[in-house]
Amino acid sequence: MHELSIAVSLIEAAVEAAANEAGTVRTVHLRLGALSGVIAEALESAYQLARVGTPLERAELMIQPVPVVVRCRGCRTERELPMLDALWCPACGAAEEVVQGRELEIAALELET
Ligand SMILES: [Zn+2]
């Protein structure tokens with residue numbers, strides 16, 4: 001299960017970061033891009049399993065969805081993609097590149113000290 005291994009490495013990273021702060025993690029804030037290939041609901045349930053027996057056993061996971069943003073290589077305009085359709089600029093027809101939406105990163109840790 002893809003999400004379980006992601007949840008495990010997420011917890012490891014949070015434990016490591018919290019160790020430097022000498023606190024207990026209360027909430028993990030995660031930025032999750034729509035193109036990350038990870039389903040938020042699946043990651044949440046994987047997290048519930050993976051946190052058992054770790055220092056994050058009572059820490060909550062808050063997932064902030066990050067929408068996909070593309071930029072046109074032609075006219076340089078940026079737009080948000082409501083769903084994953086073709087990466088062609090509606091204005092000039094040039095190819096677009098993804099500038100945001102692949103995120104899978106811890107945005108912040110809330111600690112209890
Ligand atoms: Zn364009």
# chains A, B, ... in the order shown; residues from 1 in each chain; ligands from 1
$ select_by_dssp --residues "chain A" --states "strand (DSSP E or B)" --output "number ranges by chain"
A: 24-33, 60-66, 68-72, 78-81, 88, 95-100, 104-112
$ write_last_selection --atoms "N, CA and C atoms" --output "compact mmCIF listing (two decimals), in the first residue's frame"
# COMPACT_ATOMS: atom_id res chain seq x y z
N THR A 24 6.28 17.65 21.99
CA THR A 24 5.44 16.58 21.48
C THR A 24 4.57 17.14 20.36
N VAL A 25 4.49 16.41 19.28
CA VAL A 25 3.70 16.90 18.14
C VAL A 25 2.21 16.75 18.44
N ARG A 26 1.48 17.85 18.27
CA ARG A 26 0.03 17.81 18.45
C ARG A 26 -0.65 17.69 17.10
N THR A 27 -0.18 18.45 16.12
CA THR A 27 -0.79 18.41 14.78
C THR A 27 0.30 18.49 13.71
N VAL A 28 0.14 17.68 12.69
CA VAL A 28 1.01 17.74 11.52
C VAL A 28 0.21 18.37 10.38
N HIS A 29 0.70 19.48 9.85
CA HIS A 29 0.06 20.11 8.71
C HIS A 29 0.80 19.70 7.45
N LEU A 30 0.07 19.11 6.53
CA LEU A 30 0.68 18.59 5.32
C LEU A 30 0.11 19.29 4.10
N ARG A 31 1.00 19.67 3.20
CA ARG A 31 0.54 20.23 1.90
C ARG A 31 0.53 19.09 0.88
N LEU A 32 -0.63 18.87 0.29
CA LEU A 32 -0.78 17.74 -0.62
C LEU A 32 -1.28 18.23 -1.97
N GLY A 33 -0.44 18.15 -2.96
CA GLY A 33 -0.79 18.60 -4.30
C GLY A 33 -1.72 17.62 -5.00
N GLU A 60 -2.69 14.72 15.39
CA GLU A 60 -3.63 14.74 14.27
C GLU A 60 -2.89 15.10 12.98
N LEU A 61 -3.44 14.64 11.88
CA LEU A 61 -2.92 15.00 10.56
C LEU A 61 -3.92 15.93 9.88
N MET A 62 -3.45 17.13 9.52
CA MET A 62 -4.30 18.07 8.80
C MET A 62 -3.76 18.20 7.39
N ILE A 63 -4.57 17.84 6.42
CA ILE A 63 -4.11 17.88 5.03
C ILE A 63 -4.65 19.13 4.35
N GLN A 64 -3.73 19.95 3.83
CA GLN A 64 -4.12 21.14 3.06
C GLN A 64 -3.98 20.79 1.58
N PRO A 65 -5.10 20.72 0.86
CA PRO A 65 -5.00 20.41 -0.57
C PRO A 65 -4.37 21.57 -1.35
N VAL A 66 -3.49 21.24 -2.26
CA VAL A 66 -2.84 22.26 -3.10
C VAL A 66 -3.32 22.06 -4.53
N VAL A 68 -3.69 22.41 -8.65
CA VAL A 68 -2.70 22.40 -9.73
C VAL A 68 -2.70 23.77 -10.42
N VAL A 69 -1.51 24.33 -10.59
CA VAL A 69 -1.36 25.59 -11.32
C VAL A 69 -0.40 25.34 -12.47
N VAL A 70 -0.78 25.78 -13.66
CA VAL A 70 0.09 25.61 -14.83
C VAL A 70 0.44 26.99 -15.40
N ARG A 71 1.59 27.04 -16.08
CA ARG A 71 2.02 28.30 -16.71
C ARG A 71 2.26 28.03 -18.18
N CYS A 72 1.76 28.93 -18.99
CA CYS A 72 1.91 28.79 -20.44
C CYS A 72 3.34 29.17 -20.84
N GLU A 78 -0.62 32.26 -16.00
CA GLU A 78 -0.81 31.12 -15.12
C GLU A 78 -2.30 30.89 -14.91
N ARG A 79 -2.68 29.65 -14.76
CA ARG A 79 -4.09 29.37 -14.43
C ARG A 79 -4.15 28.13 -13.57
N GLU A 80 -5.25 28.06 -12.83
CA GLU A 80 -5.49 26.91 -11.99
C GLU A 80 -6.26 25.89 -12.80
N LEU A 81 -5.91 24.63 -12.68
CA LEU A 81 -6.65 23.59 -13.36
C LEU A 81 -7.67 23.00 -12.41
N TRP A 88 -2.75 22.61 -22.46
CA TRP A 88 -2.58 23.54 -23.57
C TRP A 88 -3.24 24.85 -23.18
N ALA A 95 2.06 24.94 -25.21
CA ALA A 95 2.12 23.95 -24.13
C ALA A 95 2.30 24.64 -22.78
N GLU A 96 1.73 24.03 -21.76
CA GLU A 96 1.85 24.60 -20.42
C GLU A 96 2.68 23.67 -19.56
N GLU A 97 3.31 24.26 -18.55
CA GLU A 97 4.06 23.44 -17.60
C GLU A 97 3.43 23.57 -16.22
N VAL A 98 3.57 22.50 -15.44
CA VAL A 98 3.00 22.51 -14.09
C VAL A 98 3.94 23.27 -13.16
N VAL A 99 3.41 24.30 -12.47
CA VAL A 99 4.24 25.04 -11.53
C VAL A 99 3.88 24.72 -10.08
N GLN A 100 2.72 24.13 -9.88
CA GLN A 100 2.30 23.79 -8.53
C GLN A 100 1.33 22.62 -8.59
N LEU A 104 4.09 17.29 -1.62
CA LEU A 104 3.80 16.30 -0.58
C LEU A 104 4.82 16.63 0.50
N GLU A 105 4.49 17.61 1.33
CA GLU A 105 5.48 18.11 2.27
C GLU A 105 4.83 18.59 3.55
N ILE A 106 5.58 18.51 4.62
CA ILE A 106 5.08 18.99 5.89
C ILE A 106 5.17 20.52 5.87
N ALA A 107 4.01 21.18 6.05
CA ALA A 107 4.00 22.64 6.04
C ALA A 107 4.35 23.17 7.42
N ALA A 108 3.86 22.52 8.47
CA ALA A 108 4.12 22.99 9.83
C ALA A 108 3.82 21.89 10.82
N LEU A 109 4.47 21.96 11.97
CA LEU A 109 4.20 21.06 13.08
C LEU A 109 3.73 21.90 14.25
N GLU A 110 2.61 21.51 14.85
CA GLU A 110 2.19 22.17 16.09
C GLU A 110 2.67 21.31 17.24
N LEU A 111 3.36 21.96 18.16
CA LEU A 111 3.95 21.21 19.28
C LEU A 111 3.31 21.57 20.60
N GLU A 112 3.29 20.58 21.48
CA GLU A 112 2.96 20.82 22.87
C GLU A 112 4.27 20.83 23.62
$ residues_near_ligand --ligand "ligand 1" --cutoff "7 Å" --atoms "only C-alpha atoms and all ligand atoms" --output "ChimeraX atom specification"
/A:72-77,89-94
$ atom_distance --atom1 "CA of Glu57 (chain A)" --atom2 "CA of Val15 (chain A)"
10.8 Å
$ atom_distance --atom1 "CA of Ala40 (chain A)" --atom2 "CA of Pro82 (chain A)"
16.8 Å
$ residues_around --residues "Ile11 (chain A)" --least-positions-apart "2" --cutoff "10 Å" --atoms "only C-alpha atoms" --output "list in words"
Ser5, Ile6, Ala7, Val8, Ser9, Ala13, Ala14, Val15, Glu16, Ala17, Val28, Tyr47, Ala50, Arg51, Thr54, Pro55, Leu56, Glu57, Ala59, Leu61 and Ile106 of chain A
$ closest_residue --among "A:Leu43, A:Leu87, A:Ala22, A:Gly53" --to "Leu10 (chain A)" --atoms "only C-alpha atoms"
A:Leu43
$ atom_distance --atom1 "CA of Glu44 (chain A)" --atom2 "CA of Asp85 (chain A)"
26.5 Å
